[in-house]
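Chemist: Take a look at structure21.cif, mmCIF, C-alpha atoms:
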```
data_input
#
loop_
_atom_site.label_atom_id
_atom_site.label_comp_id
_atom_site.auth_asym_id
_atom_site.auth_seq_id
_atom_site.Cartn_x
_atom_site.Cartn_y
_atom_site.Cartn_z
CA MET A 1215 -143.97 96.64 -38.24
CA GLY A 1216 -144.85 98.93 -35.35
CA GLY A 1217 -142.90 100.12 -32.36
CA ASP A 1218 -142.20 103.03 -30.04
CA TRP A 1219 -139.13 104.34 -31.86
CA ASP A 1220 -139.24 107.51 -33.95
CA VAL A 1221 -139.34 106.34 -37.56
CA ALA A 1222 -139.22 109.96 -38.81
CA GLU A 1223 -135.79 110.38 -37.21
CA ASN A 1224 -134.58 107.15 -38.82
CA ARG A 1225 -133.55 105.70 -35.46
CA TRP A 1226 -135.23 102.31 -35.95
CA ALA A 1227 -131.89 100.47 -36.15
CA GLU A 1228 -130.80 101.88 -32.77
CA ASP A 1229 -133.91 100.82 -30.85
CA PRO A 1230 -132.45 98.49 -28.16
CA ARG A 1231 -135.12 95.87 -28.91
CA ARG A 1232 -133.84 95.66 -32.50
CA ILE A 1233 -130.13 95.21 -31.73
CA GLU A 1234 -129.77 91.43 -31.74
CA PRO A 1235 -126.60 91.21 -29.55
CA ASN A 1236 -128.44 93.16 -26.82
CA ASN A 1237 -131.08 90.46 -26.59
CA TYR A 1238 -129.69 87.12 -27.73
CA LEU A 1239 -126.54 85.07 -27.51
CA PRO A 1240 -125.05 84.31 -30.93
CA GLY A 1241 -124.43 80.80 -32.14
CA ARG A 1242 -120.87 79.67 -32.74
CA GLU A 1243 -121.22 77.42 -35.77
CA PHE A 1244 -123.55 76.10 -38.44
CA LYS A 1245 -124.70 72.51 -38.35
CA VAL A 1246 -126.50 70.30 -40.82
CA PHE A 1247 -128.56 67.38 -39.49
CA LEU A 1248 -129.65 64.23 -41.28
CA VAL A 1249 -133.44 63.95 -40.90
CA ASP A 1250 -135.17 61.10 -42.75
CA GLY A 1251 -132.54 61.16 -45.52
CA ILE A 1252 -132.61 64.94 -45.90
CA ASN A 1253 -129.65 67.13 -44.94
CA VAL A 1254 -131.34 69.91 -42.95
CA GLY A 1255 -129.61 73.14 -41.95
CA ALA A 1256 -131.03 75.80 -39.67
CA LEU A 1257 -130.90 79.55 -39.36
CA ILE A 1258 -132.58 81.48 -36.59
CA CYS A 1259 -134.26 84.78 -37.42
CA TYR A 1260 -131.55 87.43 -37.90
CA ASP A 1261 -129.05 84.87 -39.26
CA GLY A 1262 -131.05 84.80 -42.49
CA MET A 1263 -130.16 88.41 -43.22
CA PHE A 1264 -126.55 87.46 -43.98
CA PRO A 1265 -125.71 85.77 -47.29
CA GLU A 1266 -122.80 84.00 -45.61
CA SER A 1267 -125.25 82.10 -43.37
CA TRP A 1268 -127.03 80.61 -46.38
CA GLN A 1269 -123.75 79.84 -48.13
CA CYS A 1270 -122.32 78.10 -45.05
CA ASN A 1271 -125.37 75.83 -44.88
CA ARG A 1272 -125.00 75.03 -48.56
CA LEU A 1273 -121.27 74.30 -48.19
CA LEU A 1274 -122.05 71.97 -45.29
CA GLY A 1275 -124.28 69.93 -47.62
CA ALA A 1276 -127.74 71.18 -46.66
CA ASP A 1277 -130.58 70.20 -48.99
CA MET A 1278 -133.01 72.27 -46.99
CA VAL A 1279 -132.80 75.12 -44.50
CA VAL A 1280 -135.44 75.67 -41.85
CA TRP A 1281 -135.59 79.36 -40.93
CA PRO A 1282 -137.85 80.16 -37.95
CA THR A 1283 -138.26 83.87 -37.41
CA ASN A 1284 -139.98 86.51 -35.35
CA ARG A 1285 -140.40 89.10 -38.10
CA GLY A 1286 -143.14 91.45 -39.14
CA ASN A 1287 -143.04 89.73 -42.55
CA TYR A 1288 -140.51 88.76 -45.21
CA GLY A 1289 -141.00 92.00 -47.15
CA ASP A 1290 -137.28 92.80 -46.96
CA VAL A 1291 -136.13 89.29 -47.92
CA ASP A 1292 -136.95 87.59 -51.21
CA VAL A 1293 -137.15 84.01 -49.93
CA PRO A 1294 -137.53 82.47 -53.43
CA ALA A 1295 -134.42 84.37 -54.54
CA MET A 1296 -132.44 83.04 -51.56
CA ALA A 1297 -133.56 79.53 -52.49
CA ARG A 1298 -132.46 80.02 -56.12
CA TYR A 1299 -129.15 81.73 -55.30
CA TYR A 1300 -128.07 79.09 -52.81
CA GLN A 1301 -129.89 76.15 -54.45
CA LEU A 1302 -131.60 75.32 -51.17
CA ASN A 1303 -135.11 74.24 -50.29
CA ILE A 1304 -136.27 76.72 -47.65
CA LEU A 1305 -138.92 76.52 -44.97
CA ALA A 1306 -139.29 80.12 -43.77
CA VAL A 1307 -141.49 79.86 -40.69
CA ASN A 1308 -142.68 83.12 -39.19
CA ARG A 1309 -144.52 83.68 -35.93
CA PHE A 1310 -148.05 85.07 -35.97
CA GLY A 1311 -149.35 87.51 -33.38
CA ARG A 1312 -148.22 90.42 -31.25
CA SER A 1313 -145.44 90.80 -28.72
CA SER A 1314 -143.68 94.19 -28.84
CA TYR A 1315 -144.71 94.31 -32.54
CA TRP A 1316 -147.02 92.47 -34.89
CA CYS A 1317 -145.95 89.39 -36.89
CA GLN A 1318 -148.17 88.46 -39.84
CA GLY A 1319 -147.27 84.77 -39.96
CA ASP A 1320 -145.71 85.16 -43.41
CA SER A 1321 -144.47 81.55 -43.77
CA GLN A 1322 -143.28 79.90 -46.97
CA ALA A 1323 -142.08 76.56 -48.33
CA VAL A 1324 -139.85 77.18 -51.37
CA ASP A 1325 -137.97 74.65 -53.49
CA ALA A 1326 -134.33 74.94 -54.56
CA GLN A 1327 -135.32 76.54 -57.88
CA GLY A 1328 -137.24 79.31 -56.11
CA ASN A 1329 -140.76 77.97 -56.70
CA VAL A 1330 -143.13 78.77 -53.84
CA LEU A 1331 -144.75 75.45 -52.90
CA ALA A 1332 -146.88 76.77 -50.04
CA HIS A 1333 -147.43 80.20 -48.49
CA VAL A 1334 -149.54 81.58 -45.69
CA TYR A 1335 -149.89 85.20 -44.69
CA ASN A 1336 -151.77 86.93 -41.87
CA GLY A 1337 -152.81 83.96 -39.82
CA GLU A 1338 -151.92 80.78 -38.05
CA ALA A 1339 -151.64 77.77 -40.34
CA VAL A 1340 -149.96 74.47 -41.05
CA LEU A 1341 -148.11 74.42 -44.38
CA VAL A 1342 -148.03 71.21 -46.35
CA ALA A 1343 -145.85 70.93 -49.46
CA ASP A 1344 -144.48 68.15 -51.63
CA LEU A 1345 -140.74 68.47 -51.98
CA ASP A 1346 -138.96 66.57 -54.75
CA LEU A 1347 -135.53 66.21 -53.17
CA GLU A 1348 -134.04 64.25 -56.07
CA SER A 1349 -135.16 66.93 -58.53
CA SER A 1350 -133.45 69.56 -56.37
CA ARG A 1351 -130.25 67.53 -56.26
CA ARG A 1352 -130.30 66.99 -60.05
CA TRP A 1353 -130.82 70.72 -60.58
CA ARG A 1354 -127.83 71.53 -58.33
CA ARG A 1355 -125.65 69.09 -60.30
CA SER A 1356 -126.73 70.73 -63.57
CA LEU A 1357 -125.68 74.19 -62.29
CA PRO A 1358 -122.54 73.50 -60.21
CA TYR A 1359 -122.18 76.89 -58.55
CA LEU A 1360 -120.25 75.43 -55.61
CA ARG A 1361 -117.69 73.93 -57.99
CA ASP A 1362 -117.20 77.28 -59.74
CA ARG A 1363 -116.85 79.46 -56.64
CA ARG A 1364 -113.72 81.59 -56.29
CA PRO A 1365 -112.91 81.68 -52.55
CA ASP A 1366 -109.38 82.81 -53.41
CA ILE A 1367 -110.78 86.27 -54.27
CA TYR A 1368 -113.48 86.51 -51.56
CA GLU A 1369 -111.24 87.48 -48.64
CA LYS A 1370 -113.04 90.84 -48.24
CA ILE A 1371 -116.15 89.14 -46.90
CA LEU A 1372 -114.16 88.09 -43.82
CA ALA A 1373 -113.14 91.67 -43.02
CA ARG A 1374 -114.96 93.86 -40.50
CA THR A 1375 -117.58 96.24 -41.85
CA PRO A 1376 -116.17 99.72 -42.59
CA PRO A 1377 -117.56 102.45 -40.26
CA GLU A 1378 -119.25 104.28 -43.13
CA GLU A 1379 -121.51 101.25 -43.65
CA VAL A 1380 -123.10 101.27 -40.20
CA ALA A 1381 -126.78 102.21 -39.78
CA LEU A 1382 -127.50 105.74 -40.98
CA ALA A 1383 -128.52 107.09 -37.59
CA SER A 1384 -125.44 105.74 -35.85
CA PRO A 1385 -122.66 108.22 -35.17
CA VAL A 1386 -119.56 107.44 -37.20
CA THR A 1387 -116.39 107.47 -35.15
CA LYS A 1388 -112.94 107.24 -36.64
#
```
With the file now loaded, output its structure as structure tokens.
Modeler:
Amino acid sequence: MGGDWDVAENRWAEDPRRIEPNNYLPGREFKVFLVDGINVGALICYDGMFPESWQCNRLLGADMVVWPTNRGNYGDVDVPAMARYYQLNILAVNRFGRSSYWCQGDSQAVDAQGNVLAHVYNGEAVLVADLDLESSRRWRRSLPYLRDRRPDIYEKILARTPPEEVALASPVTK
């Protein structure tokens, strides 16, 4: 990913173009839609960087999550791992081309077990994949992670991020 910021000074996270709240309004809730018998959730770009976003879609009954992005590539996100961890079929759809930086069109269709069904990199394309929804549902029933969750001990994930965990180049104020 290219840009005008000084990578050597580790100030990439502070580039105003990269601070999502400077550029976009956040959503207020997650929704799952019924599309041809499939419960489809959606994440938009930066949302996919937060495990809670995937888990919320799963808790709302999503069978599949469509994740359109405007990323250089998915090098920092293991899409098959996200599919396995959250037992979701994922369509990770990335833009191809240049705006303020280059996007390689790294798009993937991944089933709920983490198998890559279709993948395209470095070009425009249409992905076609066969998705066995009933197999995904049977697999989720055989490994009932949602049943075995322990929300009674997860309260920390609702707390604000401690100042020492902000981006490295950000000044820490106490």
Chemist: What lies within 12 Å of Val1249 in chain A using all atoms listed in the file, ignoring chain neighbours under 4 positions off, as a PDB file with C-alpha atoms, in the coordinates of the input?
Modeler:
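And here's around.pdb as it stands now:
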```pdb
ATOM      1  CA  ASN A1253    -129.650  67.130 -44.940  1.00  0.00           C
ATOM      2  CA  VAL A1254    -131.340  69.910 -42.950  1.00  0.00           C
ATOM      3  CA  GLY A1255    -129.610  73.140 -41.950  1.00  0.00           C
ATOM      4  CA  ALA A1276    -127.740  71.180 -46.660  1.00  0.00           C
ATOM      5  CA  ASP A1277    -130.580  70.200 -48.990  1.00  0.00           C
ATOM      6  CA  MET A1278    -133.010  72.270 -46.990  1.00  0.00           C
ATOM      7  CA  VAL A1279    -132.800  75.120 -44.500  1.00  0.00           C
ATOM      8  CA  VAL A1280    -135.440  75.670 -41.850  1.00  0.00           C
TER       9      VAL A1280
END
```
Chemist: One decimal, in Å: what's the spacing between CA of Asn1303 in chain A and CA of Val1324 in chain A?
Modeler: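 Distance reported for this atom pair: 5.7 Å.
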Chemist: Here's the selection I'm unsure about, the PyMOL selection byres ((chain A and resi 1245) around 8); applied to the file above, which residues does it give, as a PyMOL selection string?
Modeler: chain A and resi 1243-1244+1246-1247+1255-1256+1271+1274
Chemist: Given the PyMOL selection byres ((chain A and resi 1268) around 10) and the file above, list the residues it selects as a PyMOL selection string.
Modeler: chain A and resi 1244+1255-1257+1261-1267+1269-1273+1276+1279+1296-1297+1299-1302
Chemist: Once you have the residues from the selection above, write them out as a PDB file, in the coordinates of the input, restricted to C-alpha atoms.
Modeler:
```pdb
ATOM      1  CA  PHE A1244    -123.550  76.100 -38.440  1.00  0.00           C
ATOM      2  CA  GLY A1255    -129.610  73.140 -41.950  1.00  0.00           C
ATOM      3  CA  ALA A1256    -131.030  75.800 -39.670  1.00  0.00           C
ATOM      4  CA  LEU A1257    -130.900  79.550 -39.360  1.00  0.00           C
ATOM      5  CA  ASP A1261    -129.050  84.870 -39.260  1.00  0.00           C
ATOM      6  CA  GLY A1262    -131.050  84.800 -42.490  1.00  0.00           C
ATOM      7  CA  MET A1263    -130.160  88.410 -43.220  1.00  0.00           C
ATOM      8  CA  PHE A1264    -126.550  87.460 -43.980  1.00  0.00           C
ATOM      9  CA  PRO A1265    -125.710  85.770 -47.290  1.00  0.00           C
ATOM     10  CA  GLU A1266    -122.800  84.000 -45.610  1.00  0.00           C
ATOM     11  CA  SER A1267    -125.250  82.100 -43.370  1.00  0.00           C
ATOM     12  CA  GLN A1269    -123.750  79.840 -48.130  1.00  0.00           C
ATOM     13  CA  CYS A1270    -122.320  78.100 -45.050  1.00  0.00           C
ATOM     14  CA  ASN A1271    -125.370  75.830 -44.880  1.00  0.00           C
ATOM     15  CA  ARG A1272    -125.000  75.030 -48.560  1.00  0.00           C
ATOM     16  CA  LEU A1273    -121.270  74.300 -48.190  1.00  0.00           C
ATOM     17  CA  ALA A1276    -127.740  71.180 -46.660  1.00  0.00           C
ATOM     18  CA  VAL A1279    -132.800  75.120 -44.500  1.00  0.00           C
ATOM     19  CA  MET A1296    -132.440  83.040 -51.560  1.00  0.00           C
ATOM     20  CA  ALA A1297    -133.560  79.530 -52.490  1.00  0.00           C
ATOM     21  CA  TYR A1299    -129.150  81.730 -55.300  1.00  0.00           C
ATOM     22  CA  TYR A1300    -128.070  79.090 -52.810  1.00  0.00           C
ATOM     23  CA  GLN A1301    -129.890  76.150 -54.450  1.00  0.00           C
ATOM     24  CA  LEU A1302    -131.600  75.320 -51.170  1.00  0.00           C
TER      25      LEU A1302
END
```
Chemist: List the residues matched by the PyMOL selection byres ((chain A and resi 1333) around 9) in the displayed structure as a PyMOL selection string, ordered by chain and then by residue number.
Modeler: chain A and resi 1320-1324+1330-1332+1334-1335+1341
Chemist: Between CA of Leu1347 in chain A and CA of Arg1242 in chain A, measure the distance and give it in Å to one decimal.
Modeler: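 Separation of CA of Leu1347 in chain A and CA of Arg1242 in chain A: 28.5 Å.
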Chemist: One number please: CA of Arg1309 in chain A to CA of Trp1281 in chain A, in Å, one decimal.
Modeler: 11.1 Å
Chemist: Which residues come within 12 Å of Leu1357 in chain A, counting all atoms listed in the file, excluding same-chain residues fewer than 3 positions away, as a tab-separated table (two decimals) with C-alpha atoms, in the coordinates of the input?
Modeler:
```tsv
chain	number	residue	atom	x	y	z
A	1298	ARG	CA	-132.46	80.02	-56.12
A	1299	TYR	CA	-129.15	81.73	-55.30
A	1300	TYR	CA	-128.07	79.09	-52.81
A	1301	GLN	CA	-129.89	76.15	-54.45
A	1326	ALA	CA	-134.33	74.94	-54.56
A	1327	GLN	CA	-135.32	76.54	-57.88
A	1350	SER	CA	-133.45	69.56	-56.37
A	1351	ARG	CA	-130.25	67.53	-56.26
A	1352	ARG	CA	-130.30	66.99	-60.05
A	1353	TRP	CA	-130.82	70.72	-60.58
A	1354	ARG	CA	-127.83	71.53	-58.33
A	1360	LEU	CA	-120.25	75.43	-55.61
A	1361	ARG	CA	-117.69	73.93	-57.99
A	1362	ASP	CA	-117.20	77.28	-59.74
A	1363	ARG	CA	-116.85	79.46	-56.64
```
Chemist: Using all atoms listed in the file for the distances, tell me which of A:Pro1358, A:Pro1365, A:Gly1311, A:Pro1377 is nearest to Asn1336 in chain A.
Modeler: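 Result for the nearest residue to Asn1336 in chain A: A:Gly1311.
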Chemist: Nearest to Ile1258 in chain A among A:Arg1355, A:Pro1240, A:Pro1282, A:Ile1371, with distances taken over all atoms listed in the file: which residue is it?
Modeler: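 Of all the options, A:Pro1282 lies closest to Ile1258 in chain A.
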